[in-house]
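Pasting my_file-v6.cif here (mmCIF, N, CA and C atoms):
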```
data_final
#
loop_
_atom_site.label_atom_id
_atom_site.label_comp_id
_atom_site.auth_asym_id
_atom_site.auth_seq_id
_atom_site.Cartn_x
_atom_site.Cartn_y
_atom_site.Cartn_z
N MET A 1 67.51 6.62 -1.04
CA MET A 1 66.24 6.38 -1.67
C MET A 1 65.12 6.22 -0.64
N ARG A 2 65.44 5.52 0.45
CA ARG A 2 64.45 5.30 1.49
C ARG A 2 64.12 6.61 2.21
N ILE A 3 65.09 7.47 2.37
CA ILE A 3 64.86 8.75 3.04
C ILE A 3 63.95 9.63 2.19
N ILE A 4 64.16 9.67 0.88
CA ILE A 4 63.32 10.46 -0.01
C ILE A 4 61.87 9.94 0.01
N LYS A 5 61.73 8.60 0.04
CA LYS A 5 60.38 8.00 0.09
C LYS A 5 59.68 8.39 1.39
N ASN A 6 60.39 8.37 2.51
CA ASN A 6 59.79 8.74 3.80
C ASN A 6 59.42 10.23 3.83
N ILE A 7 60.27 11.06 3.26
CA ILE A 7 59.98 12.49 3.22
C ILE A 7 58.74 12.76 2.37
N LEU A 8 58.64 12.12 1.20
CA LEU A 8 57.47 12.30 0.34
C LEU A 8 56.20 11.79 1.02
N MET A 9 56.28 10.68 1.71
CA MET A 9 55.11 10.17 2.44
C MET A 9 54.71 11.13 3.55
N SER A 10 55.65 11.70 4.26
CA SER A 10 55.36 12.65 5.33
C SER A 10 54.71 13.91 4.76
N VAL A 11 55.22 14.42 3.66
CA VAL A 11 54.65 15.60 3.03
C VAL A 11 53.22 15.31 2.55
N ALA A 12 53.00 14.15 1.96
CA ALA A 12 51.66 13.77 1.50
C ALA A 12 50.68 13.68 2.67
N CYS A 13 51.12 13.11 3.79
CA CYS A 13 50.24 13.02 4.97
C CYS A 13 49.92 14.40 5.53
N ILE A 14 50.89 15.28 5.57
CA ILE A 14 50.66 16.64 6.08
C ILE A 14 49.68 17.38 5.18
N ILE A 15 49.81 17.24 3.89
CA ILE A 15 48.88 17.90 2.95
C ILE A 15 47.48 17.34 3.12
N MET A 16 47.35 16.02 3.24
CA MET A 16 46.02 15.42 3.38
C MET A 16 45.37 15.82 4.70
N LEU A 17 46.12 15.89 5.78
CA LEU A 17 45.54 16.27 7.06
C LEU A 17 45.23 17.77 7.12
N GLY A 18 45.99 18.55 6.41
CA GLY A 18 45.75 20.00 6.40
C GLY A 18 44.60 20.42 5.51
N SER A 19 44.11 19.55 4.67
CA SER A 19 43.04 19.93 3.76
C SER A 19 41.65 19.78 4.36
N CYS A 20 41.54 19.34 5.58
CA CYS A 20 40.24 19.13 6.22
C CYS A 20 39.85 20.35 7.05
N ASN A 21 39.87 21.53 6.45
CA ASN A 21 39.54 22.74 7.18
C ASN A 21 38.07 23.08 7.15
N ASP A 22 37.26 22.34 6.42
CA ASP A 22 35.84 22.67 6.31
C ASP A 22 34.95 21.72 7.12
N LEU A 23 35.48 21.10 8.13
CA LEU A 23 34.69 20.17 8.93
C LEU A 23 33.70 20.90 9.84
N ASP A 24 33.92 22.17 10.12
CA ASP A 24 33.01 22.92 10.98
C ASP A 24 31.92 23.64 10.19
N THR A 25 31.82 23.41 8.91
CA THR A 25 30.80 24.05 8.09
C THR A 25 29.45 23.41 8.37
N GLU A 26 28.44 24.26 8.55
CA GLU A 26 27.10 23.73 8.80
C GLU A 26 26.55 23.09 7.53
N PRO A 27 25.73 22.05 7.69
CA PRO A 27 25.19 21.38 6.51
C PRO A 27 24.26 22.28 5.70
N ILE A 28 24.21 22.03 4.41
CA ILE A 28 23.37 22.81 3.50
C ILE A 28 22.30 21.88 2.95
N GLY A 29 21.09 22.37 2.83
CA GLY A 29 20.03 21.56 2.25
C GLY A 29 18.98 21.21 3.28
N SER A 30 18.59 19.95 3.30
CA SER A 30 17.47 19.53 4.14
C SER A 30 17.91 19.06 5.53
N THR A 31 19.18 19.15 5.87
CA THR A 31 19.65 18.73 7.18
C THR A 31 19.69 19.92 8.11
N LEU A 32 19.09 19.76 9.29
CA LEU A 32 19.07 20.84 10.28
C LEU A 32 19.96 20.50 11.45
N THR A 33 20.66 21.49 11.93
CA THR A 33 21.44 21.30 13.15
C THR A 33 20.57 21.57 14.37
N THR A 34 21.06 21.23 15.53
CA THR A 34 20.31 21.46 16.76
C THR A 34 20.07 22.95 16.98
N ASP A 35 21.06 23.76 16.68
CA ASP A 35 20.90 25.21 16.84
C ASP A 35 19.82 25.76 15.91
N GLN A 36 19.78 25.27 14.68
CA GLN A 36 18.76 25.73 13.74
C GLN A 36 17.36 25.31 14.19
N ARG A 37 17.23 24.11 14.73
CA ARG A 37 15.92 23.67 15.23
C ARG A 37 15.46 24.53 16.41
N GLU A 38 16.37 24.81 17.31
CA GLU A 38 16.01 25.66 18.46
C GLU A 38 15.62 27.06 18.01
N TYR A 39 16.29 27.58 17.00
CA TYR A 39 15.96 28.90 16.47
C TYR A 39 14.55 28.92 15.89
N VAL A 40 14.21 27.89 15.14
CA VAL A 40 12.87 27.83 14.54
C VAL A 40 11.81 27.71 15.62
N ILE A 41 12.06 26.89 16.62
CA ILE A 41 11.07 26.69 17.69
C ILE A 41 10.87 27.97 18.51
N LYS A 42 11.96 28.66 18.81
CA LYS A 42 11.86 29.85 19.67
C LYS A 42 11.46 31.10 18.89
N ASP A 43 12.11 31.35 17.77
CA ASP A 43 11.94 32.63 17.09
C ASP A 43 10.95 32.60 15.93
N GLN A 44 10.63 31.45 15.43
CA GLN A 44 9.72 31.37 14.29
C GLN A 44 8.59 30.37 14.57
N ALA A 45 7.96 30.55 15.69
CA ALA A 45 6.90 29.62 16.09
C ALA A 45 5.71 29.65 15.14
N SER A 46 5.49 30.78 14.48
CA SER A 46 4.36 30.86 13.55
C SER A 46 4.57 29.94 12.35
N LYS A 47 5.81 29.80 11.88
CA LYS A 47 6.08 28.89 10.77
C LYS A 47 5.87 27.45 11.20
N LEU A 48 6.25 27.14 12.41
CA LEU A 48 6.04 25.80 12.92
C LEU A 48 4.55 25.50 13.06
N GLN A 49 3.78 26.47 13.53
CA GLN A 49 2.33 26.31 13.64
C GLN A 49 1.69 26.14 12.27
N ALA A 50 2.18 26.84 11.27
CA ALA A 50 1.63 26.70 9.92
C ALA A 50 1.90 25.31 9.37
N THR A 51 3.06 24.76 9.67
CA THR A 51 3.38 23.41 9.22
C THR A 51 2.46 22.39 9.86
N VAL A 52 2.24 22.53 11.15
CA VAL A 52 1.36 21.60 11.86
C VAL A 52 -0.06 21.73 11.32
N SER A 53 -0.50 22.93 11.05
CA SER A 53 -1.84 23.12 10.49
C SER A 53 -1.96 22.50 9.10
N GLY A 54 -0.91 22.60 8.32
CA GLY A 54 -0.93 21.99 6.99
C GLY A 54 -1.00 20.48 7.05
N VAL A 55 -0.29 19.89 8.00
CA VAL A 55 -0.34 18.44 8.17
C VAL A 55 -1.75 18.03 8.60
N TYR A 56 -2.32 18.76 9.52
CA TYR A 56 -3.67 18.44 10.00
C TYR A 56 -4.69 18.58 8.86
N GLY A 57 -4.50 19.55 8.00
CA GLY A 57 -5.40 19.73 6.87
C GLY A 57 -5.37 18.56 5.90
N ASN A 58 -4.22 17.89 5.77
CA ASN A 58 -4.12 16.73 4.88
C ASN A 58 -4.92 15.54 5.40
N PHE A 59 -5.22 15.51 6.68
CA PHE A 59 -6.01 14.41 7.23
C PHE A 59 -7.43 14.42 6.69
N TYR A 60 -7.96 15.60 6.36
CA TYR A 60 -9.35 15.73 5.96
C TYR A 60 -9.52 16.39 4.60
N ALA A 61 -8.48 16.37 3.78
CA ALA A 61 -8.54 17.03 2.47
C ALA A 61 -9.50 16.29 1.54
N TYR A 62 -10.35 17.05 0.89
CA TYR A 62 -11.35 16.48 -0.02
C TYR A 62 -10.80 16.46 -1.44
N ARG A 63 -10.86 15.31 -2.07
CA ARG A 63 -10.37 15.09 -3.43
C ARG A 63 -8.91 15.53 -3.59
N ASN A 64 -8.13 15.20 -2.62
CA ASN A 64 -6.72 15.58 -2.62
C ASN A 64 -5.87 14.62 -3.45
N VAL A 65 -6.26 13.35 -3.51
CA VAL A 65 -5.48 12.35 -4.22
C VAL A 65 -6.20 11.88 -5.48
N TYR A 66 -7.46 11.55 -5.31
CA TYR A 66 -8.25 10.97 -6.40
C TYR A 66 -9.49 11.85 -6.59
N ASP A 67 -9.74 12.26 -7.77
CA ASP A 67 -10.82 13.22 -8.02
C ASP A 67 -12.17 12.51 -8.08
N ASP A 68 -12.64 12.10 -6.92
CA ASP A 68 -13.95 11.48 -6.83
C ASP A 68 -14.52 11.75 -5.45
N PHE A 69 -15.80 11.51 -5.29
CA PHE A 69 -16.49 11.90 -4.06
C PHE A 69 -16.08 11.09 -2.85
N PHE A 70 -15.49 9.90 -3.03
CA PHE A 70 -15.15 9.09 -1.87
C PHE A 70 -13.72 9.31 -1.39
N ASP A 71 -13.04 10.34 -1.87
CA ASP A 71 -11.72 10.70 -1.36
C ASP A 71 -11.85 11.91 -0.45
N PHE A 72 -11.98 11.67 0.84
CA PHE A 72 -12.04 12.77 1.80
C PHE A 72 -11.10 12.52 2.97
N GLY A 73 -9.92 12.01 2.66
CA GLY A 73 -8.85 11.91 3.63
C GLY A 73 -8.90 10.67 4.50
N LEU A 74 -8.41 10.83 5.72
CA LEU A 74 -8.31 9.71 6.65
C LEU A 74 -9.66 9.10 6.99
N PRO A 75 -10.74 9.85 7.18
CA PRO A 75 -12.03 9.20 7.42
C PRO A 75 -12.44 8.28 6.27
N SER A 76 -12.12 8.64 5.06
CA SER A 76 -12.42 7.79 3.91
C SER A 76 -11.64 6.48 3.99
N ILE A 77 -10.37 6.57 4.37
CA ILE A 77 -9.54 5.36 4.50
C ILE A 77 -10.09 4.46 5.59
N LEU A 78 -10.45 5.05 6.71
CA LEU A 78 -10.98 4.25 7.81
C LEU A 78 -12.31 3.60 7.43
N THR A 79 -13.12 4.27 6.66
CA THR A 79 -14.38 3.68 6.20
C THR A 79 -14.11 2.53 5.24
N MET A 80 -13.14 2.70 4.34
CA MET A 80 -12.77 1.61 3.43
C MET A 80 -12.34 0.37 4.19
N LEU A 81 -11.45 0.58 5.15
CA LEU A 81 -10.93 -0.56 5.90
C LEU A 81 -11.98 -1.15 6.82
N ASN A 82 -12.91 -0.34 7.28
CA ASN A 82 -13.97 -0.84 8.14
C ASN A 82 -14.93 -1.74 7.38
N GLN A 83 -15.05 -1.56 6.07
CA GLN A 83 -15.90 -2.43 5.26
C GLN A 83 -15.40 -3.88 5.28
N ARG A 84 -14.16 -4.07 5.60
CA ARG A 84 -13.57 -5.41 5.60
C ARG A 84 -13.75 -6.13 6.93
N THR A 85 -14.26 -5.47 7.92
CA THR A 85 -14.39 -6.09 9.23
C THR A 85 -15.72 -6.79 9.37
N GLU A 86 -15.85 -7.55 10.41
CA GLU A 86 -17.11 -8.26 10.63
C GLU A 86 -18.18 -7.35 11.22
N GLY A 87 -17.83 -6.14 11.57
CA GLY A 87 -18.80 -5.22 12.13
C GLY A 87 -19.75 -4.64 11.08
N LEU A 88 -19.37 -4.66 9.82
CA LEU A 88 -20.21 -4.13 8.75
C LEU A 88 -20.53 -5.23 7.74
N VAL A 89 -21.29 -6.19 8.17
CA VAL A 89 -21.68 -7.27 7.28
C VAL A 89 -22.88 -6.81 6.47
N SER A 90 -22.83 -7.05 5.18
CA SER A 90 -23.93 -6.65 4.31
C SER A 90 -24.25 -7.80 3.37
N ALA A 91 -25.51 -8.04 3.17
CA ALA A 91 -25.92 -9.12 2.27
C ALA A 91 -25.78 -8.69 0.81
N SER A 92 -25.82 -7.40 0.56
CA SER A 92 -25.75 -6.92 -0.81
C SER A 92 -24.79 -5.74 -0.89
N TYR A 93 -23.93 -5.78 -1.89
CA TYR A 93 -23.01 -4.68 -2.14
C TYR A 93 -23.32 -4.05 -3.50
N ASP A 94 -24.58 -4.02 -3.86
CA ASP A 94 -24.96 -3.49 -5.16
C ASP A 94 -24.79 -1.97 -5.23
N TYR A 95 -24.96 -1.30 -4.12
CA TYR A 95 -24.86 0.14 -4.11
C TYR A 95 -23.96 0.55 -2.95
N GLY A 96 -23.19 1.53 -3.15
CA GLY A 96 -22.37 2.05 -2.06
C GLY A 96 -21.04 2.55 -2.57
N TRP A 97 -20.48 3.44 -1.83
CA TRP A 97 -19.19 4.01 -2.21
C TRP A 97 -18.08 2.98 -2.14
N TYR A 98 -18.14 2.13 -1.14
CA TYR A 98 -17.04 1.21 -0.87
C TYR A 98 -17.46 -0.24 -1.07
N ALA A 99 -18.27 -0.51 -2.09
CA ALA A 99 -18.72 -1.87 -2.35
C ALA A 99 -17.55 -2.79 -2.70
N GLU A 100 -16.58 -2.29 -3.44
CA GLU A 100 -15.42 -3.11 -3.80
C GLU A 100 -14.62 -3.52 -2.56
N CYS A 101 -14.56 -2.63 -1.58
CA CYS A 101 -13.84 -2.96 -0.35
C CYS A 101 -14.54 -4.09 0.40
N GLY A 102 -15.86 -4.04 0.46
CA GLY A 102 -16.61 -5.08 1.13
C GLY A 102 -16.55 -6.41 0.41
N GLN A 103 -16.37 -6.38 -0.91
CA GLN A 103 -16.27 -7.60 -1.70
C GLN A 103 -14.83 -8.08 -1.83
N PHE A 104 -13.88 -7.36 -1.26
CA PHE A 104 -12.45 -7.67 -1.34
C PHE A 104 -11.96 -7.72 -2.78
N SER A 105 -12.54 -6.92 -3.65
CA SER A 105 -12.11 -6.89 -5.05
C SER A 105 -11.24 -5.67 -5.35
N ASP A 106 -10.78 -5.01 -4.31
CA ASP A 106 -9.95 -3.82 -4.49
C ASP A 106 -8.50 -4.09 -4.09
N ASN A 107 -8.08 -5.33 -4.14
CA ASN A 107 -6.75 -5.69 -3.67
C ASN A 107 -5.69 -5.62 -4.76
N THR A 108 -5.82 -4.72 -5.69
CA THR A 108 -4.80 -4.52 -6.70
C THR A 108 -4.22 -3.11 -6.53
N PRO A 109 -2.98 -2.92 -6.92
CA PRO A 109 -2.36 -1.61 -6.72
C PRO A 109 -2.91 -0.50 -7.60
N THR A 110 -3.72 -0.83 -8.58
CA THR A 110 -4.21 0.19 -9.51
C THR A 110 -5.62 0.68 -9.18
N THR A 111 -6.23 0.17 -8.14
CA THR A 111 -7.58 0.63 -7.81
C THR A 111 -7.53 2.02 -7.20
N PRO A 112 -8.59 2.78 -7.32
CA PRO A 112 -8.62 4.11 -6.70
C PRO A 112 -8.45 4.05 -5.19
N TYR A 113 -8.92 2.97 -4.57
CA TYR A 113 -8.83 2.86 -3.12
C TYR A 113 -7.38 2.75 -2.66
N ALA A 114 -6.60 1.95 -3.38
CA ALA A 114 -5.17 1.83 -3.05
C ALA A 114 -4.46 3.16 -3.28
N ARG A 115 -4.83 3.86 -4.35
CA ARG A 115 -4.22 5.17 -4.61
C ARG A 115 -4.57 6.18 -3.52
N ILE A 116 -5.80 6.13 -3.04
CA ILE A 116 -6.21 7.06 -1.99
C ILE A 116 -5.45 6.79 -0.70
N ILE A 117 -5.33 5.53 -0.32
CA ILE A 117 -4.61 5.19 0.91
C ILE A 117 -3.16 5.62 0.80
N TRP A 118 -2.50 5.22 -0.28
CA TRP A 118 -1.09 5.56 -0.44
C TRP A 118 -0.90 7.07 -0.55
N GLY A 119 -1.70 7.72 -1.39
CA GLY A 119 -1.53 9.15 -1.62
C GLY A 119 -1.82 10.00 -0.41
N THR A 120 -2.82 9.63 0.38
CA THR A 120 -3.14 10.41 1.57
C THR A 120 -2.00 10.35 2.57
N PHE A 121 -1.50 9.16 2.84
CA PHE A 121 -0.39 9.05 3.80
C PHE A 121 0.89 9.65 3.23
N TYR A 122 1.09 9.56 1.94
CA TYR A 122 2.25 10.20 1.31
C TYR A 122 2.20 11.71 1.52
N ASN A 123 1.03 12.30 1.34
CA ASN A 123 0.89 13.75 1.54
C ASN A 123 1.10 14.13 3.00
N ILE A 124 0.58 13.32 3.91
CA ILE A 124 0.73 13.62 5.34
C ILE A 124 2.20 13.55 5.73
N PHE A 125 2.88 12.47 5.37
CA PHE A 125 4.29 12.32 5.73
C PHE A 125 5.16 13.33 4.99
N GLY A 126 4.80 13.61 3.73
CA GLY A 126 5.56 14.60 2.97
C GLY A 126 5.46 15.99 3.58
N GLN A 127 4.26 16.37 3.99
CA GLN A 127 4.07 17.67 4.64
C GLN A 127 4.82 17.72 5.97
N SER A 128 4.83 16.62 6.69
CA SER A 128 5.57 16.58 7.96
C SER A 128 7.05 16.78 7.73
N GLY A 129 7.59 16.16 6.70
CA GLY A 129 9.02 16.29 6.41
C GLY A 129 9.37 17.65 5.86
N ASP A 130 8.48 18.26 5.07
CA ASP A 130 8.76 19.56 4.49
C ASP A 130 8.84 20.65 5.55
N GLY A 131 8.14 20.45 6.63
CA GLY A 131 8.16 21.47 7.70
C GLY A 131 9.47 21.52 8.45
N HIS A 132 10.26 20.48 8.35
CA HIS A 132 11.52 20.44 9.10
C HIS A 132 12.72 20.76 8.24
N SER A 133 12.51 21.05 6.96
CA SER A 133 13.68 21.33 6.14
C SER A 133 13.84 22.81 5.87
#
```
Since I need it in another form, could you write the structure as structure tokens?
Amino acid sequence: MRIIKNILMSVACIIMLGSCNDLDTEPIGSTLTTDQREYVIKDQASKLQATVSGVYGNFYAYRNVYDDFFDFGLPSILTMLNQRTEGLVSASYDYGWYAECGQFSDNTPTTPYARIIWGTFYNIFGQSGDGHS
């Protein structure tokens, strides 16, 4: 009985070890191997340049996230955040694109300003990742 059990265990181990014949298969999908990256850099430099240009374009895209005049990419975000500093002190916030930022009343996740900040960086990082897949 013990011999039959050992033989069955040996056969099971041989079958399990022999079934791993696909370990040298290259990954499929969004994972790149080193060889694939080198191929893209050397032989398809124009595609790499197009990706970089697309990422750069997202920095200054007009009305890319929120359909209003104060959404013009990274400069818009920097202007919003600059309203909160002591360098832009204003006695009145009655008029202006970023009056809510200066009054600190835009600290909710549903304001257009929060959507612009999140959406702009999401597009930039998303474009960066799409170029490598």
Target residues per the PyMOL selection byres (((chain A and resi 54 and name CA) around 12) and name CA), formatted as an MDAnalysis selection string: chainID A and resid 47:53 55:61 123:131
Atomic separation - atom CA of Ser46 of chain A relative to atom CA of Pro75 of chain A, Å: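 Here the two named atoms are 27.8 Å from each other.
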Gap from atom CA of Thr120 of chain A to atom CA of Asn107 of chain A - Å, one decimal: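 Computing it gives 17.3 Å between the two atoms.
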Near-segment 114-119 of chain A list (8 Å; all atoms listed in the file; drop same-chain fewer than 3 positions) as a PDB file with N, CA and C atoms, keeping the file's coordinate frame:
```pdb
ATOM      1  N   ASN A  64      -8.130  15.200  -2.620  1.00  0.00           N
ATOM      2  CA  ASN A  64      -6.720  15.580  -2.620  1.00  0.00           C
ATOM      3  C   ASN A  64      -5.870  14.620  -3.450  1.00  0.00           C
ATOM      4  N   VAL A  65      -6.260  13.350  -3.510  1.00  0.00           N
ATOM      5  CA  VAL A  65      -5.480  12.350  -4.220  1.00  0.00           C
ATOM      6  C   VAL A  65      -6.200  11.880  -5.480  1.00  0.00           C
ATOM      7  N   TYR A  66      -7.460  11.550  -5.310  1.00  0.00           N
ATOM      8  CA  TYR A  66      -8.250  10.970  -6.400  1.00  0.00           C
ATOM      9  C   TYR A  66      -9.490  11.850  -6.590  1.00  0.00           C
ATOM     10  N   PHE A  70     -15.490   9.900  -3.030  1.00  0.00           N
ATOM     11  CA  PHE A  70     -15.150   9.090  -1.870  1.00  0.00           C
ATOM     12  C   PHE A  70     -13.720   9.310  -1.390  1.00  0.00           C
ATOM     13  N   ASP A  71     -13.040  10.340  -1.870  1.00  0.00           N
ATOM     14  CA  ASP A  71     -11.720  10.700  -1.360  1.00  0.00           C
ATOM     15  C   ASP A  71     -11.850  11.910  -0.450  1.00  0.00           C
ATOM     16  N   PHE A  72     -11.980  11.670   0.840  1.00  0.00           N
ATOM     17  CA  PHE A  72     -12.040  12.770   1.800  1.00  0.00           C
ATOM     18  C   PHE A  72     -11.100  12.520   2.970  1.00  0.00           C
ATOM     19  N   GLY A  73      -9.920  12.010   2.660  1.00  0.00           N
ATOM     20  CA  GLY A  73      -8.850  11.910   3.630  1.00  0.00           C
ATOM     21  C   GLY A  73      -8.900  10.670   4.500  1.00  0.00           C
ATOM     22  N   SER A  76     -12.120   8.640   5.060  1.00  0.00           N
ATOM     23  CA  SER A  76     -12.420   7.790   3.910  1.00  0.00           C
ATOM     24  C   SER A  76     -11.640   6.480   3.990  1.00  0.00           C
ATOM     25  N   ILE A  77     -10.370   6.570   4.370  1.00  0.00           N
ATOM     26  CA  ILE A  77      -9.540   5.360   4.500  1.00  0.00           C
ATOM     27  C   ILE A  77     -10.090   4.460   5.590  1.00  0.00           C
ATOM     28  N   ASP A 106     -10.780  -5.010  -4.310  1.00  0.00           N
ATOM     29  CA  ASP A 106      -9.950  -3.820  -4.490  1.00  0.00           C
ATOM     30  C   ASP A 106      -8.500  -4.090  -4.090  1.00  0.00           C
ATOM     31  N   ASN A 107      -8.080  -5.330  -4.140  1.00  0.00           N
ATOM     32  CA  ASN A 107      -6.750  -5.690  -3.670  1.00  0.00           C
ATOM     33  C   ASN A 107      -5.690  -5.620  -4.760  1.00  0.00           C
ATOM     34  N   THR A 108      -5.820  -4.720  -5.690  1.00  0.00           N
ATOM     35  CA  THR A 108      -4.800  -4.520  -6.700  1.00  0.00           C
ATOM     36  C   THR A 108      -4.220  -3.110  -6.530  1.00  0.00           C
ATOM     37  N   PRO A 109      -2.980  -2.920  -6.920  1.00  0.00           N
ATOM     38  CA  PRO A 109      -2.360  -1.610  -6.720  1.00  0.00           C
ATOM     39  C   PRO A 109      -2.910  -0.500  -7.600  1.00  0.00           C
ATOM     40  N   THR A 110      -3.720  -0.830  -8.580  1.00  0.00           N
ATOM     41  CA  THR A 110      -4.210   0.190  -9.510  1.00  0.00           C
ATOM     42  C   THR A 110      -5.620   0.680  -9.180  1.00  0.00           C
ATOM     43  N   THR A 111      -6.230   0.170  -8.140  1.00  0.00           N
ATOM     44  CA  THR A 111      -7.580   0.630  -7.810  1.00  0.00           C
ATOM     45  C   THR A 111      -7.530   2.020  -7.200  1.00  0.00           C
ATOM     46  N   TYR A 122       1.090   9.560   1.940  1.00  0.00           N
ATOM     47  CA  TYR A 122       2.250  10.200   1.310  1.00  0.00           C
ATOM     48  C   TYR A 122       2.200  11.710   1.520  1.00  0.00           C
ATOM     49  N   ASN A 123       1.030  12.300   1.340  1.00  0.00           N
ATOM     50  CA  ASN A 123       0.890  13.750   1.540  1.00  0.00           C
ATOM     51  C   ASN A 123       1.100  14.130   3.000  1.00  0.00           C
ATOM     52  N   ILE A 124       0.580  13.320   3.910  1.00  0.00           N
ATOM     53  CA  ILE A 124       0.730  13.620   5.340  1.00  0.00           C
ATOM     54  C   ILE A 124       2.200  13.550   5.730  1.00  0.00           C
ATOM     55  N   PHE A 125       2.880  12.470   5.370  1.00  0.00           N
ATOM     56  CA  PHE A 125       4.290  12.320   5.730  1.00  0.00           C
ATOM     57  C   PHE A 125       5.160  13.330   4.990  1.00  0.00           C
TER      58      PHE A 125
END
```
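From atom CA of Met80 of chain A back to atom CA of Ala99 of chain A, the distance works out to 9.0 Å.
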Within 9 Å of file point (-13.7, -0.7, -1.4), counting only C-alpha atoms, expressed as a ChimeraX atom specification: /A:79-81,83-84,97-107,111-113
Resulting file, chosen residues, N, CA and C atoms, as an mmCIF file, in the coordinates of the input:
```
data_model
loop_
_atom_site.group_PDB
_atom_site.id
_atom_site.type_symbol
_atom_site.label_atom_id
_atom_site.label_comp_id
_atom_site.auth_asym_id
_atom_site.auth_seq_id
_atom_site.Cartn_x
_atom_site.Cartn_y
_atom_site.Cartn_z
ATOM 1 N N THR A 79 -13.120 4.270 6.660
ATOM 2 C CA THR A 79 -14.380 3.680 6.200
ATOM 3 C C THR A 79 -14.110 2.530 5.240
ATOM 4 N N MET A 80 -13.140 2.700 4.340
ATOM 5 C CA MET A 80 -12.770 1.610 3.430
ATOM 6 C C MET A 80 -12.340 0.370 4.190
ATOM 7 N N LEU A 81 -11.450 0.580 5.150
ATOM 8 C CA LEU A 81 -10.930 -0.560 5.900
ATOM 9 C C LEU A 81 -11.980 -1.150 6.820
ATOM 10 N N GLN A 83 -15.050 -1.560 6.070
ATOM 11 C CA GLN A 83 -15.900 -2.430 5.260
ATOM 12 C C GLN A 83 -15.400 -3.880 5.280
ATOM 13 N N ARG A 84 -14.160 -4.070 5.600
ATOM 14 C CA ARG A 84 -13.570 -5.410 5.600
ATOM 15 C C ARG A 84 -13.750 -6.130 6.930
ATOM 16 N N TRP A 97 -20.480 3.440 -1.830
ATOM 17 C CA TRP A 97 -19.190 4.010 -2.210
ATOM 18 C C TRP A 97 -18.080 2.980 -2.140
ATOM 19 N N TYR A 98 -18.140 2.130 -1.140
ATOM 20 C CA TYR A 98 -17.040 1.210 -0.870
ATOM 21 C C TYR A 98 -17.460 -0.240 -1.070
ATOM 22 N N ALA A 99 -18.270 -0.510 -2.090
ATOM 23 C CA ALA A 99 -18.720 -1.870 -2.350
ATOM 24 C C ALA A 99 -17.550 -2.790 -2.700
ATOM 25 N N GLU A 100 -16.580 -2.290 -3.440
ATOM 26 C CA GLU A 100 -15.420 -3.110 -3.800
ATOM 27 C C GLU A 100 -14.620 -3.520 -2.560
ATOM 28 N N CYS A 101 -14.560 -2.630 -1.580
ATOM 29 C CA CYS A 101 -13.840 -2.960 -0.350
ATOM 30 C C CYS A 101 -14.540 -4.090 0.400
ATOM 31 N N GLY A 102 -15.860 -4.040 0.460
ATOM 32 C CA GLY A 102 -16.610 -5.080 1.130
ATOM 33 C C GLY A 102 -16.550 -6.410 0.410
ATOM 34 N N GLN A 103 -16.370 -6.380 -0.910
ATOM 35 C CA GLN A 103 -16.270 -7.600 -1.700
ATOM 36 C C GLN A 103 -14.830 -8.080 -1.830
ATOM 37 N N PHE A 104 -13.880 -7.360 -1.260
ATOM 38 C CA PHE A 104 -12.450 -7.670 -1.340
ATOM 39 C C PHE A 104 -11.960 -7.720 -2.780
ATOM 40 N N SER A 105 -12.540 -6.920 -3.650
ATOM 41 C CA SER A 105 -12.110 -6.890 -5.050
ATOM 42 C C SER A 105 -11.240 -5.670 -5.350
ATOM 43 N N ASP A 106 -10.780 -5.010 -4.310
ATOM 44 C CA ASP A 106 -9.950 -3.820 -4.490
ATOM 45 C C ASP A 106 -8.500 -4.090 -4.090
ATOM 46 N N ASN A 107 -8.080 -5.330 -4.140
ATOM 47 C CA ASN A 107 -6.750 -5.690 -3.670
ATOM 48 C C ASN A 107 -5.690 -5.620 -4.760
ATOM 49 N N THR A 111 -6.230 0.170 -8.140
ATOM 50 C CA THR A 111 -7.580 0.630 -7.810
ATOM 51 C C THR A 111 -7.530 2.020 -7.200
ATOM 52 N N PRO A 112 -8.590 2.780 -7.320
ATOM 53 C CA PRO A 112 -8.620 4.110 -6.700
ATOM 54 C C PRO A 112 -8.450 4.050 -5.190
ATOM 55 N N TYR A 113 -8.920 2.970 -4.570
ATOM 56 C CA TYR A 113 -8.830 2.860 -3.120
ATOM 57 C C TYR A 113 -7.380 2.750 -2.660
#
```
